[in-house]
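*Asks:* Have a look at this one.
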Amino acid sequence: MKINLASTRLAFFLIGLLLSLIVISAIIPQKELAENQIIDWHELLGDNYVIIEKLKLDQIYETPYFFIVIGLLALNLIFGNIKRFKIIYKTDKTLIKARHIGSIIFHLSLVLIMVGVILNYLYKFDGALALIEGQSVVDNEHIYSHIYKGPLFEDSYKRFEIKHVKFLTDYELNNTPTNACERSVKENQIAREQKKIITTNFPFSYLGLEFHFDQKFGYAPELVFIDSSNTAIFKSFIRIAIQEHPGQAKHLDYYIIPNTNHRVTIEVFPKNNSIDSTLYKLLVEKDDILLYEDTVRTGDTAYFQNYKVVIPRLRNWCYINVVKSPFLTLIFTSFWLALIGMTIGLIPRVIGTDKK
Amino acid sequence: MNATEALFFWSTTLFLAMTFFIVLLALMFKKENVFKYANYSLLTAFATLSTFGILRWTLTGHPPFVTLFESMITSIWFVLLFFILLLKFNKKTVLLILPVSTITFLMMGWASSLSSEASELSAALTNIWLFIHASFATAGASSFLIGASFSILYLLGEEKLKSYERIAPKVPEFKNLSKMILNFLIFGLILWGVMIVSGAIWAHIAWGRYWAWDPIELWSLISWLLFGLVIHTKITFKISQNLFCKLTIIAAATVVFALWGVGYIYNTIHTYG
């Protein structure tokens with residue numbers, strides 16, 4: 001069978017294929033996207049799980065065949081449009097109307113979008129890091145709680161040092177519904193420092209990277225663990241993760257005290273960001289035996305056996321997305337080109353000024 | 001919804017129902033001069049809905065796009081706006097009031113079943129992009145819905161409609177009708193495209209990711225691609241108008257799902273989830 005790479009039928013087939021892949025991804029929860037939604041496919045589907053695993057149906061957007069379909073569609077659009085334009089051009093140049101020009105701009109910008117998307121996928125960097133107020137880190141792979149590097153991303157960009165100076169709440173920012181992270185980003189080694197307030201919708205660019213504050217923030221109480229001889233054997237700010245399952249406690253996490261192996265579970269009940277009225281549900285266990293369970297306030301001491309636990313201070317932490325999308329300008333420009341092409345190509349058809 | 005808002009909301013619903021029945025009665029009793037009352041009634045519904053929207057905007061302090069309820073109201077407003085503009089330029093469309101008033105009436109019903117409580121704007125939404133992104137989403141959906149509602153009328157069949165002596169003189173030229181359907185789809189495709197593009201730009205500004213395969217993103221891309229295919233079946237393959245209308249209705253269903261249905265099934269970062 002001879003396949004004509006320029007045919008519209010092939011384009012229909014490829015778009016249909018693309019659509020089916022997207023619909024499958026809408027039905028089967030995707031690994032990368034649903035981090036909190038862990039599904040036991042073995043239990044749900046039995047041996048049919050193999051199909052999902054082999055075809056990687058639970059991570060379609062990272063499979064080669066997804067990009068192959070996009071690539072083929074791009075080729076098809078290039079050949080198809082050039083061929084169509086050539087035919088009209090050869091037969092009679094005066095037959096070329098606005099809608100042909102618009103159509104070609106539109107379809108070729110679709111190609112540019114696809115090229116941009118693939119290149120961006122290959123070269124991008126995307127990391128999310130959580131920082132507690134006062135904490136500072138030097139950029140390396142281990143500081144990110146979520147990291148994605150494109151297969152061709154070169155790790156040769158300049159390293160930076162980032163410090164979370166202060167978390168500003170709505171109340172501190174003129175009562176507008178904006179939380180913000182005040183960050184100091186420092187290029188490593190050279191003491192070139194930039195102190196910036198990063199707010200939602202107002203990212204900060206530095207060293208070719210973008211720093212976004214994406215509204216995910218939580219609490220970090222300071223946990224002091226004191227033994228019988230009144231020495232603090234553990235003293236640190238603990239980042240309480242955000243639980244995203246609906247109906248569950250939102251700020252709940254546990255921490256295992258080194259050496260003594262006590263497991264301390266803390267649930268934070270923040271009250272209007274006022275530290276004095278913030279409550280903590282404290283649970284201390286050791287070897288599955290419950291030693292302490294009660295609600296405490298900031299500064300209260302909890303006694304159990306020969307130990308004491310105090311939460312003297314409370315800080316905020318927040319996520320910062322560190323992003324590098326090198327082909328974004330290409331993608332966005334082609335987006336607008338596509339819209340312009342669509343308007344030039346289709347509006348004459350609507351208002352009827354482009355009669356044959 | 002407070003009492004004043006409720007007054008405007010329910011009077012809109014009432015006027016839409018009235019529009020439908022006036023057209024029906026005028027057809028039944030062959031009262032030519034009654035048709036103009038249907039127009040008045042539709043215009044009144046548009047006016048009351050506009051007032052409702054303005055009231056809501058002033059009360060909540062943000063444009064009515066934020067909750068599922070508000071987005072639906074805005075879409076109904078756009079359906080009425082586009083249709084009234086069409087009526088202004090195309091007088092022979094009286095019969096088309098029937099599908100449009102039906103669809104808007106049904107949407108008012110759906111909206112009335114939703115929580116109408118105003119919600120606070122989250123930080124990511126306090127942005128000009130909300131206005132651009134959401135207005136194009138609702139306008140695009142409205143355009144597709146008008147196309148779909150005309151398609152339903154088309155599927156009833158020209159000959160069948162003309163066989164009823166009382167309706168016959170009011171039946172629009174079906175050739176014009178099919179052109180109108182195509183035009184609304186084209187218009188919708190452009191608006192929906194702007195919505196996707198502005199959404200991607202906004203997502204990049206807010207989260208650093210221009211595309212995250214969030215369920216609403218995913219379904220709106222599906223419906224955009226579907227409408228692209230449907231339009232091509234007409235322009236390139238010249239399929240029969242009947243099949244085209246059926247495909248339009250199917251594609252419009254994905255738009256309805258993308259904009260208002262996704263939240264019932266998925267967790268989404270779009271606020272009205």
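Ligands are numbered from 1 in the order shown, residues from 1 within each chain, and chains are lettered A, B, ... in the order they appear in the structure tokens.
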Find the residues in chain B near chain A: any atom within 10 Å counts, using only C-alpha atoms. Write them as an MDAnalysis selection string.

*Replies:* chainID B and resid 120:127 129 179:180 182:184 186:187 189:191 193:194 196:198 200:216 218:219 221:223 225:226 228:229 232:233 236:237 266:267

*Asks:* I'd like to know which residues of region 83-312 of chain A are alpha helix (DSSP H) (by DSSP, run on the backbone); could you write them as a VMD selection string?

*Replies:* chain A and resid 83 to 91 98 to 123

*Asks:* Go ahead and save the residues from that selection, with N, CA, C and O atoms, as a compact mmCIF listing (two decimals), in the first residue's frame.

*Replies:*
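Output below, filename part_7.txt:
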```
# COMPACT_ATOMS: atom_id res chain seq x y z
N LYS A 83 2.04 21.13 -1.06
CA LYS A 83 1.50 20.54 -2.28
C LYS A 83 0.25 21.29 -2.76
O LYS A 83 0.11 21.65 -3.93
N ARG A 84 -0.62 21.56 -1.80
CA ARG A 84 -1.87 22.23 -2.15
C ARG A 84 -1.60 23.63 -2.71
O ARG A 84 -2.17 24.06 -3.71
N PHE A 85 -0.69 24.33 -2.06
CA PHE A 85 -0.37 25.69 -2.48
C PHE A 85 0.26 25.67 -3.88
O PHE A 85 -0.06 26.51 -4.71
N LYS A 86 1.15 24.67 -4.09
CA LYS A 86 1.84 24.54 -5.37
C LYS A 86 0.82 24.35 -6.51
O LYS A 86 0.93 24.97 -7.56
N ILE A 87 -0.16 23.46 -6.25
CA ILE A 87 -1.15 23.17 -7.28
C ILE A 87 -1.88 24.44 -7.70
O ILE A 87 -1.99 24.75 -8.89
N ILE A 88 -2.32 25.20 -6.70
CA ILE A 88 -3.06 26.43 -7.03
C ILE A 88 -2.14 27.41 -7.73
O ILE A 88 -2.50 28.06 -8.71
N TYR A 89 -0.91 27.52 -7.22
CA TYR A 89 0.04 28.48 -7.78
C TYR A 89 0.33 28.17 -9.24
O TYR A 89 0.45 29.07 -10.06
N LYS A 90 0.46 26.86 -9.54
CA LYS A 90 0.82 26.47 -10.91
C LYS A 90 -0.35 26.68 -11.87
O LYS A 90 -0.16 27.10 -13.01
N THR A 91 -1.57 26.34 -11.41
CA THR A 91 -2.71 26.46 -12.31
C THR A 91 -3.04 27.91 -12.60
O THR A 91 -3.13 28.32 -13.76
N ALA A 98 -7.18 35.14 0.10
CA ALA A 98 -6.76 35.32 1.49
C ALA A 98 -6.87 34.02 2.26
O ALA A 98 -6.02 33.69 3.09
N ARG A 99 -7.92 33.23 1.92
CA ARG A 99 -8.10 32.03 2.73
C ARG A 99 -6.98 31.02 2.51
O ARG A 99 -6.64 30.26 3.41
N HIS A 100 -6.39 31.02 1.31
CA HIS A 100 -5.27 30.11 1.09
C HIS A 100 -4.05 30.54 1.89
O HIS A 100 -3.41 29.72 2.54
N ILE A 101 -3.80 31.86 1.86
CA ILE A 101 -2.66 32.38 2.63
C ILE A 101 -2.87 32.08 4.11
O ILE A 101 -1.98 31.56 4.80
N GLY A 102 -4.09 32.41 4.60
CA GLY A 102 -4.39 32.19 6.01
C GLY A 102 -4.24 30.73 6.37
O GLY A 102 -3.65 30.39 7.40
N SER A 103 -4.76 29.87 5.48
CA SER A 103 -4.70 28.44 5.77
C SER A 103 -3.26 27.96 5.87
O SER A 103 -2.90 27.19 6.76
N ILE A 104 -2.42 28.46 4.97
CA ILE A 104 -1.03 28.01 5.00
C ILE A 104 -0.32 28.54 6.24
O ILE A 104 0.43 27.82 6.92
N ILE A 105 -0.58 29.81 6.59
CA ILE A 105 0.03 30.36 7.82
C ILE A 105 -0.40 29.53 9.02
O ILE A 105 0.41 29.11 9.84
N PHE A 106 -1.72 29.23 9.07
CA PHE A 106 -2.24 28.48 10.21
C PHE A 106 -1.60 27.10 10.32
O PHE A 106 -1.08 26.72 11.36
N HIS A 107 -1.60 26.36 9.20
CA HIS A 107 -1.12 24.98 9.29
C HIS A 107 0.39 24.92 9.54
O HIS A 107 0.85 24.07 10.29
N LEU A 108 1.13 25.86 8.94
CA LEU A 108 2.56 25.83 9.20
C LEU A 108 2.88 26.30 10.62
O LEU A 108 3.85 25.83 11.21
N SER A 109 2.04 27.20 11.19
CA SER A 109 2.30 27.54 12.60
C SER A 109 1.98 26.37 13.51
O SER A 109 2.63 26.20 14.54
N LEU A 110 1.00 25.55 13.11
CA LEU A 110 0.75 24.33 13.89
C LEU A 110 2.02 23.47 13.89
O LEU A 110 2.41 22.92 14.92
N VAL A 111 2.65 23.38 12.71
CA VAL A 111 3.90 22.61 12.61
C VAL A 111 4.94 23.21 13.55
O VAL A 111 5.60 22.50 14.32
N LEU A 112 5.06 24.57 13.51
CA LEU A 112 6.04 25.23 14.38
C LEU A 112 5.74 24.96 15.85
O LEU A 112 6.66 24.74 16.65
N ILE A 113 4.43 24.95 16.21
CA ILE A 113 4.07 24.65 17.60
C ILE A 113 4.57 23.25 17.96
O ILE A 113 5.20 23.05 19.00
N MET A 114 4.31 22.29 17.06
CA MET A 114 4.71 20.92 17.36
C MET A 114 6.22 20.81 17.48
O MET A 114 6.74 20.16 18.38
N VAL A 115 6.94 21.49 16.56
CA VAL A 115 8.41 21.46 16.64
C VAL A 115 8.86 22.07 17.97
O VAL A 115 9.69 21.51 18.69
N GLY A 116 8.25 23.23 18.31
CA GLY A 116 8.60 23.89 19.57
C GLY A 116 8.33 23.00 20.77
O GLY A 116 9.15 22.91 21.68
N VAL A 117 7.18 22.32 20.75
CA VAL A 117 6.80 21.46 21.87
C VAL A 117 7.81 20.32 22.02
O VAL A 117 8.28 20.02 23.12
N ILE A 118 8.20 19.72 20.88
CA ILE A 118 9.15 18.60 20.95
C ILE A 118 10.51 19.09 21.43
O ILE A 118 11.11 18.52 22.35
N LEU A 119 11.00 20.21 20.84
CA LEU A 119 12.30 20.74 21.26
C LEU A 119 12.29 21.11 22.74
O LEU A 119 13.23 20.83 23.48
N ASN A 120 11.19 21.74 23.16
CA ASN A 120 11.08 22.15 24.55
C ASN A 120 11.11 20.94 25.48
O ASN A 120 11.76 20.94 26.52
N TYR A 121 10.43 19.88 25.04
CA TYR A 121 10.41 18.64 25.82
C TYR A 121 11.83 18.09 25.95
O TYR A 121 12.22 17.58 27.00
N LEU A 122 12.62 18.22 24.88
CA LEU A 122 13.96 17.66 24.91
C LEU A 122 14.92 18.48 25.77
O LEU A 122 15.83 17.95 26.37
N TYR A 123 14.71 19.82 25.79
CA TYR A 123 15.72 20.67 26.43
C TYR A 123 15.26 21.30 27.74
O TYR A 123 15.97 22.11 28.29
```

*Asks:* From a backbone DSSP assignment, name each residue in region 269-349 of chain A labelled strand (DSSP E or B), as a PDB file with N, CA and C atoms, in the first residue's frame.

*Replies:*
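states.pdb, freshly written:
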```
ATOM      1  N   PHE A 269      -3.036  23.413  62.926  1.00  0.00           N
ATOM      2  CA  PHE A 269      -4.316  24.095  62.695  1.00  0.00           C
ATOM      3  C   PHE A 269      -4.033  25.595  62.672  1.00  0.00           C
ATOM      4  N   LEU A 279      -2.864  26.061  66.668  1.00  0.00           N
ATOM      5  CA  LEU A 279      -2.879  24.846  67.493  1.00  0.00           C
ATOM      6  C   LEU A 279      -2.165  23.715  66.770  1.00  0.00           C
ATOM      7  N   TYR A 280      -1.582  22.818  67.565  1.00  0.00           N
ATOM      8  CA  TYR A 280      -0.928  21.649  66.976  1.00  0.00           C
ATOM      9  C   TYR A 280      -1.458  20.411  67.662  1.00  0.00           C
ATOM     10  N   LYS A 281      -1.833  19.433  66.873  1.00  0.00           N
ATOM     11  CA  LYS A 281      -2.190  18.154  67.464  1.00  0.00           C
ATOM     12  C   LYS A 281      -0.906  17.322  67.460  1.00  0.00           C
ATOM     13  N   LEU A 282      -0.470  16.956  68.655  1.00  0.00           N
ATOM     14  CA  LEU A 282       0.829  16.311  68.795  1.00  0.00           C
ATOM     15  C   LEU A 282       0.636  14.853  69.175  1.00  0.00           C
ATOM     16  N   LEU A 283       1.381  13.978  68.518  1.00  0.00           N
ATOM     17  CA  LEU A 283       1.246  12.547  68.772  1.00  0.00           C
ATOM     18  C   LEU A 283       2.663  11.988  68.849  1.00  0.00           C
ATOM     19  N   VAL A 284       3.018  11.384  69.965  1.00  0.00           N
ATOM     20  CA  VAL A 284       4.357  10.798  70.041  1.00  0.00           C
ATOM     21  C   VAL A 284       4.235   9.294  70.214  1.00  0.00           C
ATOM     22  N   GLU A 285       4.934   8.561  69.372  1.00  0.00           N
ATOM     23  CA  GLU A 285       4.881   7.103  69.464  1.00  0.00           C
ATOM     24  C   GLU A 285       6.296   6.556  69.474  1.00  0.00           C
ATOM     25  N   LYS A 286       6.456   5.416  70.108  1.00  0.00           N
ATOM     26  CA  LYS A 286       7.725   4.696  69.980  1.00  0.00           C
ATOM     27  C   LYS A 286       7.402   3.219  69.923  1.00  0.00           C
ATOM     28  N   ILE A 289       3.894   2.178  70.289  1.00  0.00           N
ATOM     29  CA  ILE A 289       3.171   2.435  71.543  1.00  0.00           C
ATOM     30  C   ILE A 289       2.945   3.943  71.646  1.00  0.00           C
ATOM     31  N   LEU A 290       1.690   4.322  71.888  1.00  0.00           N
ATOM     32  CA  LEU A 290       1.351   5.737  71.968  1.00  0.00           C
ATOM     33  C   LEU A 290       1.813   6.298  73.303  1.00  0.00           C
ATOM     34  N   LEU A 291       2.666   7.318  73.253  1.00  0.00           N
ATOM     35  CA  LEU A 291       3.191   7.886  74.492  1.00  0.00           C
ATOM     36  C   LEU A 291       2.513   9.198  74.858  1.00  0.00           C
ATOM     37  N   TYR A 292       2.085   9.945  73.834  1.00  0.00           N
ATOM     38  CA  TYR A 292       1.487  11.245  74.119  1.00  0.00           C
ATOM     39  C   TYR A 292       0.499  11.602  73.024  1.00  0.00           C
ATOM     40  N   GLU A 293      -0.617  12.158  73.420  1.00  0.00           N
ATOM     41  CA  GLU A 293      -1.557  12.650  72.423  1.00  0.00           C
ATOM     42  C   GLU A 293      -2.347  13.793  73.008  1.00  0.00           C
ATOM     43  N   ASP A 294      -2.171  14.973  72.473  1.00  0.00           N
ATOM     44  CA  ASP A 294      -2.930  16.132  72.958  1.00  0.00           C
ATOM     45  C   ASP A 294      -2.752  17.297  71.998  1.00  0.00           C
ATOM     46  N   THR A 295      -3.531  18.343  72.232  1.00  0.00           N
ATOM     47  CA  THR A 295      -3.402  19.543  71.412  1.00  0.00           C
ATOM     48  C   THR A 295      -2.609  20.578  72.191  1.00  0.00           C
ATOM     49  N   VAL A 296      -1.619  21.172  71.547  1.00  0.00           N
ATOM     50  CA  VAL A 296      -0.812  22.179  72.242  1.00  0.00           C
ATOM     51  C   VAL A 296      -0.790  23.474  71.456  1.00  0.00           C
ATOM     52  N   ARG A 297      -0.380  24.536  72.151  1.00  0.00           N
ATOM     53  CA  ARG A 297      -0.202  25.834  71.482  1.00  0.00           C
ATOM     54  C   ARG A 297       1.287  26.104  71.321  1.00  0.00           C
ATOM     55  N   THR A 301       4.632  23.089  76.634  1.00  0.00           N
ATOM     56  CA  THR A 301       5.526  21.939  76.762  1.00  0.00           C
ATOM     57  C   THR A 301       4.686  20.675  76.923  1.00  0.00           C
ATOM     58  N   ALA A 302       5.037  19.647  76.209  1.00  0.00           N
ATOM     59  CA  ALA A 302       4.343  18.365  76.348  1.00  0.00           C
ATOM     60  C   ALA A 302       5.285  17.398  77.071  1.00  0.00           C
ATOM     61  N   TYR A 303       4.785  16.806  78.154  1.00  0.00           N
ATOM     62  CA  TYR A 303       5.628  15.880  78.928  1.00  0.00           C
ATOM     63  C   TYR A 303       5.184  14.451  78.653  1.00  0.00           C
ATOM     64  N   PHE A 304       6.138  13.547  78.547  1.00  0.00           N
ATOM     65  CA  PHE A 304       5.804  12.126  78.513  1.00  0.00           C
ATOM     66  C   PHE A 304       7.067  11.360  78.884  1.00  0.00           C
ATOM     67  N   TYR A 307      10.780  12.567  78.784  1.00  0.00           N
ATOM     68  CA  TYR A 307      11.081  13.537  77.732  1.00  0.00           C
ATOM     69  C   TYR A 307      10.116  14.715  77.739  1.00  0.00           C
ATOM     70  N   LYS A 308      10.537  15.762  77.033  1.00  0.00           N
ATOM     71  CA  LYS A 308       9.672  16.929  76.846  1.00  0.00           C
ATOM     72  C   LYS A 308       9.724  17.324  75.365  1.00  0.00           C
ATOM     73  N   VAL A 309       8.592  17.806  74.890  1.00  0.00           N
ATOM     74  CA  VAL A 309       8.576  18.327  73.517  1.00  0.00           C
ATOM     75  C   VAL A 309       8.011  19.746  73.549  1.00  0.00           C
ATOM     76  N   VAL A 310       8.689  20.672  72.902  1.00  0.00           N
ATOM     77  CA  VAL A 310       8.200  22.061  72.839  1.00  0.00           C
ATOM     78  C   VAL A 310       8.167  22.497  71.367  1.00  0.00           C
ATOM     79  N   LEU A 314       6.974  29.037  64.875  1.00  0.00           N
ATOM     80  CA  LEU A 314       6.320  28.511  63.676  1.00  0.00           C
ATOM     81  C   LEU A 314       6.760  29.345  62.476  1.00  0.00           C
ATOM     82  N   ARG A 315       7.157  28.652  61.436  1.00  0.00           N
ATOM     83  CA  ARG A 315       7.513  29.381  60.207  1.00  0.00           C
ATOM     84  C   ARG A 315       6.706  28.824  59.043  1.00  0.00           C
ATOM     85  N   ASN A 316       6.757  29.554  57.927  1.00  0.00           N
ATOM     86  CA  ASN A 316       6.099  29.076  56.704  1.00  0.00           C
ATOM     87  C   ASN A 316       7.141  28.471  55.773  1.00  0.00           C
ATOM     88  N   TRP A 317       6.675  27.629  54.918  1.00  0.00           N
ATOM     89  CA  TRP A 317       7.534  27.197  53.812  1.00  0.00           C
ATOM     90  C   TRP A 317       6.719  27.321  52.548  1.00  0.00           C
ATOM     91  N   CYS A 318       7.368  27.383  51.409  1.00  0.00           N
ATOM     92  CA  CYS A 318       6.602  27.404  50.167  1.00  0.00           C
ATOM     93  C   CYS A 318       7.396  26.767  49.036  1.00  0.00           C
ATOM     94  N   TYR A 319       6.659  26.379  48.027  1.00  0.00           N
ATOM     95  CA  TYR A 319       7.284  25.782  46.843  1.00  0.00           C
ATOM     96  C   TYR A 319       7.694  26.871  45.878  1.00  0.00           C
ATOM     97  N   ILE A 320       8.850  26.712  45.275  1.00  0.00           N
ATOM     98  CA  ILE A 320       9.260  27.581  44.171  1.00  0.00           C
ATOM     99  C   ILE A 320       9.501  26.666  42.981  1.00  0.00           C
ATOM    100  N   ASN A 321       8.904  26.990  41.866  1.00  0.00           N
ATOM    101  CA  ASN A 321       9.187  26.230  40.650  1.00  0.00           C
ATOM    102  C   ASN A 321      10.340  26.891  39.919  1.00  0.00           C
ATOM    103  N   VAL A 322      11.360  26.125  39.679  1.00  0.00           N
ATOM    104  CA  VAL A 322      12.499  26.638  38.910  1.00  0.00           C
ATOM    105  C   VAL A 322      12.389  26.042  37.512  1.00  0.00           C
ATOM    106  N   VAL A 323      12.262  26.934  36.523  1.00  0.00           N
ATOM    107  CA  VAL A 323      11.889  26.458  35.199  1.00  0.00           C
ATOM    108  C   VAL A 323      12.819  27.010  34.138  1.00  0.00           C
ATOM    109  N   LYS A 324      13.155  26.178  33.188  1.00  0.00           N
ATOM    110  CA  LYS A 324      13.843  26.661  31.997  1.00  0.00           C
ATOM    111  C   LYS A 324      13.095  26.073  30.806  1.00  0.00           C
TER     112      LYS A 324
END
```

*Asks:* Find the nearest atom pair between each residue of region 124-171 of chain B and region 241-265 of chain B for residues within 9 Å, count only C-alpha atoms, give distances in Å to one decimal, sort rows by chain and ascending number, and present the table as a Markdown table.

*Replies:*
```
| residue | atom | partner | partner_atom | distance |
| --- | --- | --- | --- | --- |
| B:Ala137 | CA | B:Leu259 | CA | 7.9 |
| B:Thr138 | CA | B:Leu259 | CA | 8.3 |
| B:Ala141 | CA | B:Val255 | CA | 6.4 |
| B:Phe144 | CA | B:Ala252 | CA | 6.0 |
| B:Leu145 | CA | B:Ala252 | CA | 6.3 |
| B:Gly147 | CA | B:Thr248 | CA | 7.4 |
| B:Ala148 | CA | B:Ile249 | CA | 5.1 |
| B:Ser149 | CA | B:Ile249 | CA | 7.9 |
| B:Phe150 | CA | B:Cys245 | CA | 8.5 |
| B:Ser151 | CA | B:Cys245 | CA | 4.9 |
| B:Ile152 | CA | B:Cys245 | CA | 7.3 |
| B:Tyr154 | CA | B:Cys245 | CA | 7.3 |
| B:Leu155 | CA | B:Asn242 | CA | 6.3 |
| B:Gly157 | CA | B:Asn242 | CA | 8.9 |
```

*Asks:* Keeping only C-alpha atoms, write the selected residues to a file as a PDB file, in the first residue's frame.

*Replies:*
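Saved the output as part.pdb:
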```
ATOM      1  CA  ALA B 137     -13.779  30.279  26.771  1.00  0.00           C
ATOM      2  CA  THR B 138     -17.390  31.254  27.399  1.00  0.00           C
ATOM      3  CA  ALA B 141     -18.513  27.624  23.899  1.00  0.00           C
ATOM      4  CA  PHE B 144     -20.336  26.168  19.311  1.00  0.00           C
ATOM      5  CA  LEU B 145     -23.610  25.781  21.190  1.00  0.00           C
ATOM      6  CA  GLY B 147     -24.017  25.927  15.905  1.00  0.00           C
ATOM      7  CA  ALA B 148     -25.152  22.754  17.634  1.00  0.00           C
ATOM      8  CA  SER B 149     -28.647  24.076  18.345  1.00  0.00           C
ATOM      9  CA  PHE B 150     -29.048  25.076  14.681  1.00  0.00           C
ATOM     10  CA  SER B 151     -27.831  21.613  13.742  1.00  0.00           C
ATOM     11  CA  ILE B 152     -30.668  20.083  15.746  1.00  0.00           C
ATOM     12  CA  TYR B 154     -31.397  21.164  10.547  1.00  0.00           C
ATOM     13  CA  LEU B 155     -31.690  17.496  11.413  1.00  0.00           C
ATOM     14  CA  GLY B 157     -35.352  18.200   7.892  1.00  0.00           C
TER      15      GLY B 157
END
```

*Asks:* Find the residues around Leu223 (chain A) up to 6 Å (only C-alpha atoms counted), leave out those fewer than 5 positions away in its own chain, and share them as number ranges by chain.

*Replies:* A: 235-236, 311

*Asks:* For Pro258 (chain A), please output as a list in words all residues within 10 Å (counting only C-alpha atoms; exclusion window: fewer than 5 positions along the same chain).

*Replies:*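 The neighbour list is Ile233, Phe234 and Arg263 of chain A.
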
*Asks:* Any idea what the distance is between CA of Asn261 (chain A) and CA of Ala220 (chain A)?

*Replies:* 20.4 Å

*Asks:* With a distance cut-off of 9 Å and only C-alpha atoms, select the neighbouring residues of Ser11 (chain B), excluding the residue or stretch itself and same-chain residues fewer than 6 positions from it, and output the selection as a list of chain:residue names.

*Replies:*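 Near neighbours after the sequence-gap exclusion: B:Ala45, B:Thr48, B:Leu49.
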
*Asks:* May I have the selected residues written with all heavy atoms, as a short mmCIF file (atom, residue, chain, number, x, y, z; two decimals), in the first residue's frame?

*Replies:*
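Saved file part-v5.cif follows:
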```cif
data_model
loop_
_atom_site.label_atom_id
_atom_site.label_comp_id
_atom_site.auth_asym_id
_atom_site.auth_seq_id
_atom_site.Cartn_x
_atom_site.Cartn_y
_atom_site.Cartn_z
N ALA B 45 -35.03 39.28 28.02
CA ALA B 45 -34.25 38.25 28.72
C ALA B 45 -32.77 38.64 28.70
O ALA B 45 -32.08 38.53 29.72
CB ALA B 45 -34.44 36.90 28.05
N THR B 48 -32.29 41.51 31.20
CA THR B 48 -32.30 41.11 32.62
C THR B 48 -31.05 40.31 32.96
O THR B 48 -30.47 40.47 34.04
CB THR B 48 -33.55 40.27 32.96
OG1 THR B 48 -33.67 39.24 32.00
CG2 THR B 48 -34.80 41.11 33.00
N LEU B 49 -30.60 39.47 32.02
CA LEU B 49 -29.40 38.69 32.29
C LEU B 49 -28.17 39.60 32.38
O LEU B 49 -27.31 39.40 33.24
CB LEU B 49 -29.18 37.64 31.20
CG LEU B 49 -28.14 36.58 31.54
CD1 LEU B 49 -28.57 35.76 32.74
CD2 LEU B 49 -27.89 35.66 30.36
#
```
